[in-house]
>>> print(open('upload-v8.pdb').read())   # PDB, C-alpha atoms and all ligand atoms
ATOM      1  CA  MET A   1      24.696   8.443  35.051
ATOM      2  CA  GLU A   2      21.001   7.572  34.430
ATOM      3  CA  ASN A   3      19.694   8.733  31.036
ATOM      4  CA  GLY A   4      15.978   8.522  31.886
ATOM      5  CA  LYS A   5      15.168   5.559  29.651
ATOM      6  CA  HIS A   6      14.195   2.083  30.788
ATOM      7  CA  VAL A   7      15.351  -1.178  29.192
ATOM      8  CA  MET A   8      13.840  -4.545  30.022
ATOM      9  CA  VAL A   9      15.855  -7.658  29.181
ATOM     10  CA  ILE A  10      13.977 -10.958  29.299
ATOM     11  CA  GLY A  11      16.198 -13.998  29.838
ATOM     12  CA  GLY A  12      19.309 -13.455  31.971
ATOM     13  CA  GLY A  13      21.485 -16.239  30.550
ATOM     14  CA  THR A  14      24.753 -15.944  28.633
ATOM     15  CA  MET A  15      23.445 -13.164  26.393
ATOM     16  CA  GLY A  16      20.739 -11.445  28.432
ATOM     17  CA  GLN A  17      22.990 -10.829  31.412
ATOM     18  CA  GLY A  18      25.710  -9.360  29.189
ATOM     19  CA  ILE A  19      23.243  -7.184  27.251
ATOM     20  CA  ALA A  20      21.738  -5.879  30.500
ATOM     21  CA  LEU A  21      25.167  -4.872  31.810
ATOM     22  CA  VAL A  22      26.011  -3.134  28.520
ATOM     23  CA  CYS A  23      22.779  -1.098  28.862
ATOM     24  CA  VAL A  24      23.408  -0.248  32.519
ATOM     25  CA  LEU A  25      26.947   0.909  31.750
ATOM     26  CA  SER A  26      25.456   3.367  29.249
ATOM     27  CA  GLY A  27      23.103   4.804  31.858
ATOM     28  CA  TYR A  28      19.896   2.873  31.145
ATOM     29  CA  ARG A  29      17.760   1.790  34.066
ATOM     30  CA  THR A  30      17.566  -1.917  33.296
ATOM     31  CA  THR A  31      15.283  -4.703  34.511
ATOM     32  CA  VAL A  32      16.314  -8.304  33.888
ATOM     33  CA  VAL A  33      13.448 -10.812  33.969
ATOM     34  CA  ASP A  34      13.930 -14.560  34.247
ATOM     35  CA  LEU A  35      12.326 -17.658  35.736
ATOM     36  CA  PRO A  36      12.428 -17.826  39.572
ATOM     37  CA  ALA A  37      15.054 -20.595  39.611
ATOM     38  CA  ALA A  38      17.464 -18.463  37.570
ATOM     39  CA  ILE A  39      17.366 -15.339  39.778
ATOM     40  CA  PRO A  40      20.189 -16.321  42.228
ATOM     41  CA  ARG A  41      22.483 -17.233  39.296
ATOM     42  CA  ILE A  42      21.887 -13.826  37.676
ATOM     43  CA  ARG A  43      22.557 -11.978  40.953
ATOM     44  CA  THR A  44      25.823 -13.889  41.387
ATOM     45  CA  GLY A  45      26.768 -13.153  37.770
ATOM     46  CA  VAL A  46      26.256  -9.403  38.211
ATOM     47  CA  GLU A  47      28.164  -9.409  41.527
ATOM     48  CA  ARG A  48      31.028 -11.309  39.918
ATOM     49  CA  PHE A  49      31.169  -8.861  37.015
ATOM     50  CA  LEU A  50      31.351  -5.911  39.413
ATOM     51  CA  ALA A  51      33.946  -7.566  41.670
ATOM     52  CA  ASP A  52      36.093  -8.261  38.618
ATOM     53  CA  ARG A  53      35.914  -4.598  37.516
ATOM     54  CA  VAL A  54      36.884  -3.443  41.018
ATOM     55  CA  LYS A  55      39.768  -5.938  41.136
ATOM     56  CA  LYS A  56      41.070  -4.648  37.792
ATOM     57  CA  GLY A  57      40.878  -1.060  39.087
ATOM     58  CA  LYS A  58      38.234  -0.120  36.488
ATOM     59  CA  PHE A  59      35.454   0.540  39.014
ATOM     60  CA  SER A  60      35.305   2.493  42.269
ATOM     61  CA  ALA A  61      32.865   1.758  45.110
ATOM     62  CA  ALA A  62      30.716   4.617  43.753
ATOM     63  CA  ASP A  63      30.586   2.976  40.298
ATOM     64  CA  VAL A  64      29.426  -0.283  41.890
ATOM     65  CA  GLN A  65      26.676   1.579  43.731
ATOM     66  CA  ASN A  66      25.642   3.329  40.530
ATOM     67  CA  VAL A  67      25.270   0.017  38.672
ATOM     68  CA  MET A  68      23.402  -1.602  41.568
ATOM     69  CA  GLY A  69      21.052   1.385  41.607
ATOM     70  CA  LEU A  70      20.252   0.978  37.894
ATOM     71  CA  ILE A  71      19.743  -2.779  37.664
ATOM     72  CA  ALA A  72      16.769  -4.776  38.932
ATOM     73  CA  ILE A  73      16.268  -8.536  38.662
ATOM     74  CA  GLU A  74      12.655  -9.681  38.619
ATOM     75  CA  GLU A  75      10.430 -12.709  37.987
ATOM     76  CA  ASP A  76       7.457 -11.153  36.211
ATOM     77  CA  LEU A  77       6.709  -8.904  33.268
ATOM     78  CA  SER A  78       5.328  -5.925  35.219
ATOM     79  CA  ALA A  79       8.344  -3.772  34.247
ATOM     80  CA  ALA A  80       7.024  -3.874  30.660
ATOM     81  CA  ALA A  81       4.538  -1.127  31.612
ATOM     82  CA  SER A  82       7.353   1.433  31.788
ATOM     83  CA  ALA A  83      10.033  -0.017  29.479
ATOM     84  CA  ASP A  84      11.077   1.928  26.371
ATOM     85  CA  TRP A  85      13.117  -0.975  24.962
ATOM     86  CA  ILE A  86      12.279  -4.631  25.587
ATOM     87  CA  ILE A  87      15.033  -7.051  24.604
ATOM     88  CA  GLU A  88      14.091 -10.731  24.528
ATOM     89  CA  ALA A  89      16.980 -13.170  25.106
ATOM     90  CA  ILE A  90      15.259 -16.389  26.204
ATOM     91  CA  ALA A  91      16.079 -19.805  24.705
ATOM     92  CA  GLU A  92      16.161 -20.226  20.915
ATOM     93  CA  ASN A  93      12.640 -21.676  20.738
ATOM     94  CA  PHE A  94      10.078 -20.138  18.409
ATOM     95  CA  ASP A  95       6.939 -21.127  20.346
ATOM     96  CA  ALA A  96       8.349 -19.826  23.639
ATOM     97  CA  LYS A  97       9.308 -16.493  22.075
ATOM     98  CA  LYS A  98       5.949 -16.139  20.324
ATOM     99  CA  LYS A  99       4.060 -16.802  23.581
ATOM    100  CA  LEU A 100       6.229 -14.253  25.381
ATOM    101  CA  PHE A 101       5.523 -11.618  22.699
ATOM    102  CA  SER A 102       1.813 -12.169  23.057
ATOM    103  CA  ASP A 103       2.093 -11.677  26.866
ATOM    104  CA  LEU A 104       4.255  -8.595  26.364
ATOM    105  CA  GLU A 105       1.808  -7.012  23.964
ATOM    106  CA  LYS A 106      -0.755  -6.893  26.772
ATOM    107  CA  ALA A 107       1.715  -5.542  29.346
ATOM    108  CA  MET A 108       3.852  -3.000  27.434
ATOM    109  CA  LYS A 109       3.261   0.668  26.636
ATOM    110  CA  THR A 110       2.281   1.289  23.001
ATOM    111  CA  GLU A 111       5.351   3.306  22.008
ATOM    112  CA  ALA A 112       7.861   0.684  23.239
ATOM    113  CA  THR A 113       9.876  -1.530  20.881
ATOM    114  CA  ILE A 114      10.259  -5.286  21.363
ATOM    115  CA  CYS A 115      13.618  -6.570  20.165
ATOM    116  CA  THR A 116      14.556 -10.207  19.854
ATOM    117  CA  ASN A 117      18.132 -11.413  20.183
ATOM    118  CA  THR A 118      17.324 -14.542  18.188
ATOM    119  CA  SER A 119      20.273 -15.944  16.237
ATOM    120  CA  SER A 120      18.301 -17.660  13.535
ATOM    121  CA  LEU A 121      14.510 -17.604  13.899
ATOM    122  CA  SER A 122      12.226 -15.530  11.686
ATOM    123  CA  VAL A 123      11.603 -12.141  13.300
ATOM    124  CA  THR A 124       8.807 -11.611  10.768
ATOM    125  CA  ALA A 125       7.000 -14.753  11.960
ATOM    126  CA  MET A 126       7.443 -13.675  15.577
ATOM    127  CA  ALA A 127       5.799 -10.313  14.825
ATOM    128  CA  ALA A 128       3.038 -11.726  12.625
ATOM    129  CA  GLY A 129      -0.407 -11.573  14.203
ATOM    130  CA  MET A 130       0.526  -8.919  16.758
ATOM    131  CA  ARG A 131      -1.659  -5.817  16.983
ATOM    132  CA  ASN A 132       1.303  -3.694  15.929
ATOM    133  CA  PRO A 133       3.902  -5.907  14.205
ATOM    134  CA  GLY A 134       5.934  -2.780  13.433
ATOM    135  CA  CYS A 135       7.005  -2.599  17.089
ATOM    136  CA  VAL A 136       9.105  -5.781  16.701
ATOM    137  CA  LEU A 137      12.612  -6.013  15.310
ATOM    138  CA  GLY A 138      15.740  -8.085  15.784
ATOM    139  CA  LEU A 139      18.687  -6.766  17.786
ATOM    140  CA  HIS A 140      21.266  -9.484  17.359
ATOM    141  CA  PHE A 141      24.152  -9.065  19.815
ATOM    142  CA  PHE A 142      27.286 -11.229  19.771
ATOM    143  CA  ASN A 143      28.921 -13.207  22.527
ATOM    144  CA  PRO A 144      30.212 -11.833  24.860
ATOM    145  CA  PRO A 145      28.055  -8.694  24.563
ATOM    146  CA  ALA A 146      30.396  -6.612  26.722
ATOM    147  CA  VAL A 147      33.248  -7.183  24.267
ATOM    148  CA  MET A 148      31.770  -7.672  20.794
ATOM    149  CA  PRO A 149      31.057  -4.358  19.036
ATOM    150  CA  LEU A 150      28.596  -5.494  16.338
ATOM    151  CA  VAL A 151      24.797  -5.558  16.619
ATOM    152  CA  GLU A 152      22.689  -6.650  13.631
ATOM    153  CA  ILE A 153      19.410  -4.691  13.481
ATOM    154  CA  VAL A 154      16.975  -7.039  11.777
ATOM    155  CA  ARG A 155      14.265  -5.343   9.811
ATOM    156  CA  THR A 156      11.009  -7.085   8.863
ATOM    157  CA  CYS A 157       8.482  -6.071   6.191
ATOM    158  CA  TRP A 158       6.658  -4.027   8.882
ATOM    159  CA  THR A 159       9.636  -2.070  10.215
ATOM    160  CA  ASP A 160       9.348   1.526   9.044
ATOM    161  CA  GLU A 161      12.233   3.991   8.546
ATOM    162  CA  ALA A 162      11.534   5.802  11.815
ATOM    163  CA  THR A 163      11.682   2.602  13.914
ATOM    164  CA  ALA A 164      14.860   1.437  12.167
ATOM    165  CA  ALA A 165      16.449   4.862  12.748
ATOM    166  CA  LYS A 166      15.417   4.777  16.428
ATOM    167  CA  ALA A 167      17.011   1.331  16.808
ATOM    168  CA  PHE A 168      20.186   2.593  15.125
ATOM    169  CA  GLU A 169      20.418   5.437  17.647
ATOM    170  CA  PHE A 170      19.712   3.104  20.555
ATOM    171  CA  VAL A 171      22.509   0.716  19.530
ATOM    172  CA  GLN A 172      24.925   3.637  19.157
ATOM    173  CA  SER A 173      23.850   4.944  22.569
ATOM    174  CA  ILE A 174      25.050   1.701  24.176
ATOM    175  CA  ARG A 175      28.374   2.139  22.330
ATOM    176  CA  LYS A 176      27.886  -0.651  19.829
ATOM    177  CA  PHE A 177      28.217  -0.673  16.042
ATOM    178  CA  PRO A 178      24.809  -1.174  14.325
ATOM    179  CA  VAL A 179      24.312  -2.756  10.899
ATOM    180  CA  LEU A 180      20.901  -2.941   9.296
ATOM    181  CA  VAL A 181      20.095  -6.365   7.833
ATOM    182  CA  LYS A 182      17.095  -8.035   6.206
ATOM    183  CA  ASP A 183      15.150 -10.689   8.050
ATOM    184  CA  THR A 184      16.599 -13.755   6.359
ATOM    185  CA  PRO A 185      17.620 -17.079   8.017
ATOM    186  CA  GLY A 186      20.754 -16.536  10.123
ATOM    187  CA  PHE A 187      20.868 -12.883   8.969
ATOM    188  CA  ILE A 188      24.461 -12.286   7.783
ATOM    189  CA  VAL A 189      26.875 -13.412  10.479
ATOM    190  CA  ASN A 190      25.189 -16.674  11.456
ATOM    191  CA  ARG A 191      24.621 -17.704   7.844
ATOM    192  CA  ILE A 192      28.341 -17.366   7.147
ATOM    193  CA  ALA A 193      29.173 -18.941  10.525
ATOM    194  CA  ARG A 194      27.255 -22.130   9.628
ATOM    195  CA  SER A 195      30.012 -23.171   7.237
ATOM    196  CA  PHE A 196      32.642 -22.454   9.907
ATOM    197  CA  ALA A 197      30.839 -24.768  12.347
ATOM    198  CA  VAL A 198      29.390 -27.470  10.083
ATOM    199  CA  GLU A 199      32.525 -28.056   7.960
ATOM    200  CA  SER A 200      34.672 -28.220  11.108
ATOM    201  CA  LEU A 201      32.324 -30.792  12.659
ATOM    202  CA  LYS A 202      32.484 -32.853   9.461
ATOM    203  CA  ILE A 203      36.298 -32.733   9.432
ATOM    204  CA  VAL A 204      36.389 -34.082  12.997
ATOM    205  CA  THR A 205      33.639 -36.675  12.437
ATOM    206  CA  GLU A 206      35.410 -37.970   9.309
ATOM    207  CA  GLY A 207      38.589 -38.440  11.379
ATOM    208  CA  ILE A 208      40.605 -35.962   9.338
ATOM    209  CA  ALA A 209      41.752 -33.895  12.326
ATOM    210  CA  ALA A 210      41.040 -33.472  16.042
ATOM    211  CA  PRO A 211      39.154 -30.399  17.364
ATOM    212  CA  GLU A 212      42.311 -28.903  18.882
ATOM    213  CA  GLN A 213      44.145 -29.226  15.548
ATOM    214  CA  VAL A 214      41.293 -27.560  13.650
ATOM    215  CA  ASP A 215      41.152 -24.750  16.222
ATOM    216  CA  ARG A 216      44.910 -24.179  16.105
ATOM    217  CA  ILE A 217      44.949 -24.175  12.302
ATOM    218  CA  MET A 218      42.109 -21.664  12.059
ATOM    219  CA  ARG A 219      43.745 -19.386  14.631
ATOM    220  CA  LEU A 220      47.148 -19.514  12.948
ATOM    221  CA  GLY A 221      46.070 -19.722   9.320
ATOM    222  CA  GLY A 222      42.795 -17.837   9.349
ATOM    223  CA  ASN A 223      43.773 -15.267  11.979
ATOM    224  CA  PHE A 224      40.576 -16.033  13.902
ATOM    225  CA  LYS A 225      40.666 -15.173  17.614
ATOM    226  CA  MET A 226      39.067 -18.547  18.338
ATOM    227  CA  GLY A 227      38.819 -21.790  16.428
ATOM    228  CA  PRO A 228      35.353 -23.187  15.573
ATOM    229  CA  PHE A 229      35.260 -25.632  18.501
ATOM    230  CA  GLU A 230      36.405 -23.043  21.038
ATOM    231  CA  LEU A 231      33.668 -20.770  19.694
ATOM    232  CA  MET A 232      31.006 -23.517  19.869
ATOM    233  CA  ASP A 233      31.897 -24.140  23.526
ATOM    234  CA  MET A 234      31.606 -20.437  24.285
ATOM    235  CA  VAL A 235      28.307 -19.981  22.421
ATOM    236  CA  GLY A 236      26.838 -23.162  23.970
ATOM    237  CA  ILE A 237      26.584 -26.457  22.066
ATOM    238  CA  ASP A 238      22.793 -26.438  22.598
ATOM    239  CA  VAL A 239      22.435 -22.905  21.243
ATOM    240  CA  ASN A 240      24.691 -23.693  18.272
ATOM    241  CA  PHE A 241      22.739 -26.889  17.539
ATOM    242  CA  ALA A 242      19.375 -25.064  17.731
ATOM    243  CA  VAL A 243      20.675 -22.357  15.399
ATOM    244  CA  THR A 244      22.046 -24.895  12.913
ATOM    245  CA  ARG A 245      18.739 -26.801  12.892
ATOM    246  CA  SER A 246      16.720 -23.672  12.423
ATOM    247  CA  ILE A 247      18.843 -22.351   9.517
ATOM    248  CA  TYR A 248      18.839 -25.816   7.882
ATOM    249  CA  ARG A 249      15.029 -25.948   8.044
ATOM    250  CA  ALA A 250      14.613 -22.359   6.897
ATOM    251  CA  PHE A 251      16.686 -23.077   3.759
ATOM    252  CA  PHE A 252      14.464 -26.087   2.910
ATOM    253  CA  GLU A 253      17.051 -28.621   4.098
ATOM    254  CA  GLU A 254      19.934 -27.233   2.091
ATOM    255  CA  PRO A 255      22.651 -29.935   2.602
ATOM    256  CA  ARG A 256      25.489 -27.490   3.328
ATOM    257  CA  PHE A 257      23.668 -26.351   6.489
ATOM    258  CA  ARG A 258      22.779 -29.856   7.747
ATOM    259  CA  PRO A 259      23.372 -30.280  11.526
ATOM    260  CA  GLN A 260      25.866 -32.947  12.564
ATOM    261  CA  ILE A 261      25.200 -35.932  14.833
ATOM    262  CA  LEU A 262      28.144 -34.932  17.040
ATOM    263  CA  GLN A 263      26.207 -31.780  18.046
ATOM    264  CA  GLN A 264      23.197 -33.884  18.986
ATOM    265  CA  ASP A 265      25.350 -36.379  20.929
ATOM    266  CA  LEU A 266      26.944 -33.589  22.960
ATOM    267  CA  VAL A 267      23.554 -32.042  23.759
ATOM    268  CA  ASN A 268      22.155 -35.435  24.801
ATOM    269  CA  ALA A 269      25.148 -35.895  27.095
ATOM    270  CA  GLY A 270      24.608 -32.461  28.694
ATOM    271  CA  ARG A 271      28.018 -31.337  27.398
ATOM    272  CA  LEU A 272      26.853 -27.834  26.517
ATOM    273  CA  GLY A 273      30.227 -26.059  26.578
ATOM    274  CA  ARG A 274      31.732 -23.618  29.057
ATOM    275  CA  LYS A 275      28.421 -23.049  30.857
ATOM    276  CA  THR A 276      28.255 -26.693  32.009
ATOM    277  CA  GLY A 277      32.019 -27.123  32.493
ATOM    278  CA  ARG A 278      32.281 -29.505  29.556
ATOM    279  CA  GLY A 279      31.590 -29.421  25.829
ATOM    280  CA  ILE A 280      34.099 -30.243  23.119
ATOM    281  CA  TYR A 281      36.718 -29.413  25.754
ATOM    282  CA  SER A 282      36.679 -29.733  29.533
ATOM    283  CA  TYR A 283      36.735 -26.616  31.744
ATOM    284  CA  GLU A 284      36.222 -28.422  35.024
ATOM    285  CA  THR A 285      39.623 -27.499  36.426
ATOM    286  CA  GLY A 286      39.380 -23.858  35.404
ATOM    287  CA  GLY A 287      41.277 -23.755  32.120
ATOM    288  CA  LYS A 288      40.542 -25.504  28.824
ATOM    289  CA  LYS A 289      41.622 -29.150  28.473
TER     290      LYS A 289
HETATM  291  P1  LIG B 301      20.857 -19.253  27.815
HETATM  292  O1  LIG B 301      20.318 -20.615  27.802
HETATM  293  O2  LIG B 301      22.204 -18.972  28.370
HETATM  294  O3  LIG B 301      19.826 -18.258  28.575
HETATM  295  C1  LIG B 301      18.441 -18.263  28.364
HETATM  296  C2  LIG B 301      17.794 -17.672  29.617
HETATM  297  O4  LIG B 301      16.403 -17.477  29.360
HETATM  298  C3  LIG B 301      17.901 -18.592  30.847
HETATM  299  O5  LIG B 301      18.382 -17.845  31.949
HETATM  300  C4  LIG B 301      16.462 -19.079  31.065
HETATM  301  O6  LIG B 301      16.158 -19.320  32.420
HETATM  302  C5  LIG B 301      15.675 -17.885  30.523
HETATM  303  N1  LIG B 301      14.318 -18.178  30.105
HETATM  304  C6  LIG B 301      13.865 -19.224  29.371
HETATM  305  N2  LIG B 301      12.539 -19.103  29.157
HETATM  306  C7  LIG B 301      12.138 -17.949  29.775
HETATM  307  C8  LIG B 301      10.901 -17.257  29.889
HETATM  308  N3  LIG B 301       9.800 -17.737  29.346
HETATM  309  N4  LIG B 301      10.871 -16.092  30.572
HETATM  310  C9  LIG B 301      11.997 -15.587  31.127
HETATM  311  N5  LIG B 301      13.214 -16.189  31.044
HETATM  312  C10 LIG B 301      13.283 -17.343  30.361
HETATM  313  O7  LIG B 301      20.752 -18.754  26.284
HETATM  314  P2  LIG B 301      21.632 -17.646  25.540
HETATM  315  O8  LIG B 301      22.848 -18.271  24.987
HETATM  316  O9  LIG B 301      21.738 -16.440  26.400
HETATM  317  O10 LIG B 301      20.680 -17.343  24.276
HETATM  318  C11 LIG B 301      19.543 -16.518  24.404
HETATM  319  C12 LIG B 301      19.130 -16.036  23.015
HETATM  320  O11 LIG B 301      20.217 -15.303  22.425
HETATM  321  C13 LIG B 301      18.791 -17.175  22.039
HETATM  322  O12 LIG B 301      17.759 -16.737  21.197
HETATM  323  C14 LIG B 301      20.103 -17.340  21.256
HETATM  324  O13 LIG B 301      19.922 -17.887  19.976
HETATM  325  C15 LIG B 301      20.574 -15.895  21.188
HETATM  326  N6  LIG B 301      22.009 -15.695  20.977
HETATM  327  C16 LIG B 301      22.923 -16.494  21.627
HETATM  328  C17 LIG B 301      24.282 -16.293  21.438
HETATM  329  C18 LIG B 301      25.304 -17.133  22.141
HETATM  330  O14 LIG B 301      26.482 -17.051  21.773
HETATM  331  N7  LIG B 301      24.934 -17.928  23.150
HETATM  332  C19 LIG B 301      24.778 -15.219  20.543
HETATM  333  C20 LIG B 301      23.735 -14.403  19.987
HETATM  334  C21 LIG B 301      22.401 -14.658  20.179
END
>>> encode(input="upload-v8.pdb", output="structure tokens", more="lines below")
Ligand code: NAI
Amino acid sequence: MENGKHVMVIGGGTMGQGIALVCVLSGYRTTVVDLPAAIPRIRTGVERFLADRVKKGKFSAADVQNVMGLIAIEEDLSAAASADWIIEAIAENFDAKKKLFSDLEKAMKTEATICTNTSSLSVTAMAAGMRNPGCVLGLHFFNPPAVMPLVEIVRTCWTDEATAAKAFEFVQSIRKFPVLVKDTPGFIVNRIARSFAVESLKIVTEGIAAPEQVDRIMRLGGNFKMGPFELMDMVGIDVNFAVTRSIYRAFFEEPRFRPQILQQDLVNAGRLGRKTGRGIYSYETGGKK
């Protein structure tokens, strides 16, 4: 099953854990790196994923062993010395990502590529000042990575044809559908998605309709799989808020992208969506309420 290449995923949260499993299932030896406190949660997440596959009859005991043999969960960046692809999926915070890139530059092999899964931050600014800014590009996966086929490959002014082509092949090798996009705030999907989120928040804040009504209407009338509030809870209210703020700032405070106070209130209350058991909806008893 192993294809000889090594992927390192930094940040094993909602996205990083999913991306790592996608890579492992395509035969990549994969190292997930996170802060010490997060390691037990990531282990449990991987075990749960495997148990679910076995329960559904999709995985045999040998498949489980194969996956366990390909995945490692670590606390430091030493795996960067042998990684061919480094995928950063830590929190949506520019300074944290920039600091990580500077640490990685010292630890990685020269021919490796650093990819950021940022939803909204400038990949160009993240690469600026590095010894070889051409080794950085965006690989924007969608949530949940195991299910969503699209990956935006974000090209900066330093990305040459050969690197873009290599990224295209890599994304295809993990059985995803690559699209090449320019480094512009929110790229394509998240720029369009701002209207979906911000207008829905305004409709609720203005008392025009309740979240469940908006969600139902958009499912039935727009043929969306999820309404905007269901999607916000899945993405994470904190992540969605950070993305909205960053796109708003990047477009010089363009009013149509302005974040809404309801997002801030929910973040302040720790109601971050499914991951905390409560966001717009409550998930505390298992299902959505
Ligand atoms: P999350 O909050 O679920 O996970 C972030 C993980 O990074 C946590 O496990 C945290 O412990 C770890 N972390 C933080 N700082 C670290 C560091 N310095 N070194 C190692 N690990 C560190 O966040 P999520 O939702 O997975 O988002 C990650 C990135 O993916 C963000 O840039 C976000 O914008 C992007 N993204 C998120 C999507 C979503 O639907 N949640 C969709 C597409 C992209």
>>> residues_near_ligand(input="upload-v8.pdb", ligand="ligand LIG 301 (chain B)", cutoff="9 Å", atoms="all atoms listed in the file", output="count of residues only")
58
>>> resolve_selection(input="upload-v8.pdb", expression="the PyMOL selection byres (((chain A and resi 66-68) around 12) and not hetatm)", output="short mmCIF file (atom, residue, chain, number, x, y, z; two decimals) with C-alpha atoms, in the frame of the given file")
data_model
loop_
_atom_site.label_atom_id
_atom_site.label_comp_id
_atom_site.auth_asym_id
_atom_site.auth_seq_id
_atom_site.Cartn_x
_atom_site.Cartn_y
_atom_site.Cartn_z
CA MET A 1 24.70 8.44 35.05
CA GLU A 2 21.00 7.57 34.43
CA ALA A 20 21.74 -5.88 30.50
CA LEU A 21 25.17 -4.87 31.81
CA VAL A 22 26.01 -3.13 28.52
CA CYS A 23 22.78 -1.10 28.86
CA VAL A 24 23.41 -0.25 32.52
CA LEU A 25 26.95 0.91 31.75
CA SER A 26 25.46 3.37 29.25
CA GLY A 27 23.10 4.80 31.86
CA TYR A 28 19.90 2.87 31.14
CA ARG A 29 17.76 1.79 34.07
CA THR A 30 17.57 -1.92 33.30
CA THR A 31 15.28 -4.70 34.51
CA ARG A 43 22.56 -11.98 40.95
CA VAL A 46 26.26 -9.40 38.21
CA GLU A 47 28.16 -9.41 41.53
CA PHE A 49 31.17 -8.86 37.02
CA LEU A 50 31.35 -5.91 39.41
CA ALA A 51 33.95 -7.57 41.67
CA ARG A 53 35.91 -4.60 37.52
CA PHE A 59 35.45 0.54 39.01
CA SER A 60 35.30 2.49 42.27
CA ALA A 61 32.86 1.76 45.11
CA ALA A 62 30.72 4.62 43.75
CA ASP A 63 30.59 2.98 40.30
CA VAL A 64 29.43 -0.28 41.89
CA GLN A 65 26.68 1.58 43.73
CA GLY A 69 21.05 1.38 41.61
CA LEU A 70 20.25 0.98 37.89
CA ILE A 71 19.74 -2.78 37.66
CA ALA A 72 16.77 -4.78 38.93
CA ILE A 73 16.27 -8.54 38.66
#
>>> atom_distance(input="upload-v8.pdb", atom1="CA of Phe224 (chain A)", atom2="CA of Gly138 (chain A)")
26.1 Å
>>> resolve_selection(input="upload-v8.pdb", expression="the PyMOL selection byres (((chain A and resi 196) around 12) and not hetatm)", output="PyMOL selection string")
chain A and resi 189-195+197-203+214-215+218+222+224+226-232+240+244+256-257
>>> write_last_selection(input="upload-v8.pdb", atoms="C-alpha atoms", output="mmCIF file, in the coordinates of the input")
data_model
loop_
_atom_site.group_PDB
_atom_site.id
_atom_site.type_symbol
_atom_site.label_atom_id
_atom_site.label_comp_id
_atom_site.auth_asym_id
_atom_site.auth_seq_id
_atom_site.Cartn_x
_atom_site.Cartn_y
_atom_site.Cartn_z
ATOM 1 C CA VAL A 189 26.875 -13.412 10.479
ATOM 2 C CA ASN A 190 25.189 -16.674 11.456
ATOM 3 C CA ARG A 191 24.621 -17.704 7.844
ATOM 4 C CA ILE A 192 28.341 -17.366 7.147
ATOM 5 C CA ALA A 193 29.173 -18.941 10.525
ATOM 6 C CA ARG A 194 27.255 -22.130 9.628
ATOM 7 C CA SER A 195 30.012 -23.171 7.237
ATOM 8 C CA ALA A 197 30.839 -24.768 12.347
ATOM 9 C CA VAL A 198 29.390 -27.470 10.083
ATOM 10 C CA GLU A 199 32.525 -28.056 7.960
ATOM 11 C CA SER A 200 34.672 -28.220 11.108
ATOM 12 C CA LEU A 201 32.324 -30.792 12.659
ATOM 13 C CA LYS A 202 32.484 -32.853 9.461
ATOM 14 C CA ILE A 203 36.298 -32.733 9.432
ATOM 15 C CA VAL A 214 41.293 -27.560 13.650
ATOM 16 C CA ASP A 215 41.152 -24.750 16.222
ATOM 17 C CA MET A 218 42.109 -21.664 12.059
ATOM 18 C CA GLY A 222 42.795 -17.837 9.349
ATOM 19 C CA PHE A 224 40.576 -16.033 13.902
ATOM 20 C CA MET A 226 39.067 -18.547 18.338
ATOM 21 C CA GLY A 227 38.819 -21.790 16.428
ATOM 22 C CA PRO A 228 35.353 -23.187 15.573
ATOM 23 C CA PHE A 229 35.260 -25.632 18.501
ATOM 24 C CA GLU A 230 36.405 -23.043 21.038
ATOM 25 C CA LEU A 231 33.668 -20.770 19.694
ATOM 26 C CA MET A 232 31.006 -23.517 19.869
ATOM 27 C CA ASN A 240 24.691 -23.693 18.272
ATOM 28 C CA THR A 244 22.046 -24.895 12.913
ATOM 29 C CA ARG A 256 25.489 -27.490 3.328
ATOM 30 C CA PHE A 257 23.668 -26.351 6.489
#
>>> residues_around(input="upload-v8.pdb", residues="Ala107 (chain A)", least_positions_apart="3", cutoff="8 Å", atoms="all atoms listed in the file", output="list in words")
Leu77, Ser78, Ala80, Ala81, Asp103 and Leu104 of chain A
>>> resolve_selection(input="upload-v8.pdb", expression="the PyMOL selection byres (((chain A and resi 6) around 7) and not hetatm)", output="number ranges by chain")
A: 4-5, 7-8, 28-30, 82-85
>>> atom_distance(input="upload-v8.pdb", atom1="CA of Ile153 (chain A)", atom2="CA of Val171 (chain A)")
8.7 Å
>>> atom_distance(input="upload-v8.pdb", atom1="CA of Ile280 (chain A)", atom2="CA of Leu220 (chain A)")
19.7 Å
>>> closest_residue(input="upload-v8.pdb", among="A:Ile208, A:Ala165, A:Ile87, A:Ala250", to="Ala112 (chain A)", atoms="only C-alpha atoms")
A:Ile87
>>> residues_around(input="upload-v8.pdb", residues="Glu152 (chain A)", least_positions_apart="3", cutoff="7 Å", atoms="only C-alpha atoms", output="ChimeraX atom specification")
/A:139-141,178-181
>>> write_last_selection(input="upload-v8.pdb", atoms="C-alpha atoms", output="compact mmCIF listing (two decimals), in the coordinates of the input")
# COMPACT_ATOMS: atom_id res chain seq x y z
CA LEU A 139 18.69 -6.77 17.79
CA HIS A 140 21.27 -9.48 17.36
CA PHE A 141 24.15 -9.06 19.82
CA PRO A 178 24.81 -1.17 14.32
CA VAL A 179 24.31 -2.76 10.90
CA LEU A 180 20.90 -2.94 9.30
CA VAL A 181 20.10 -6.36 7.83
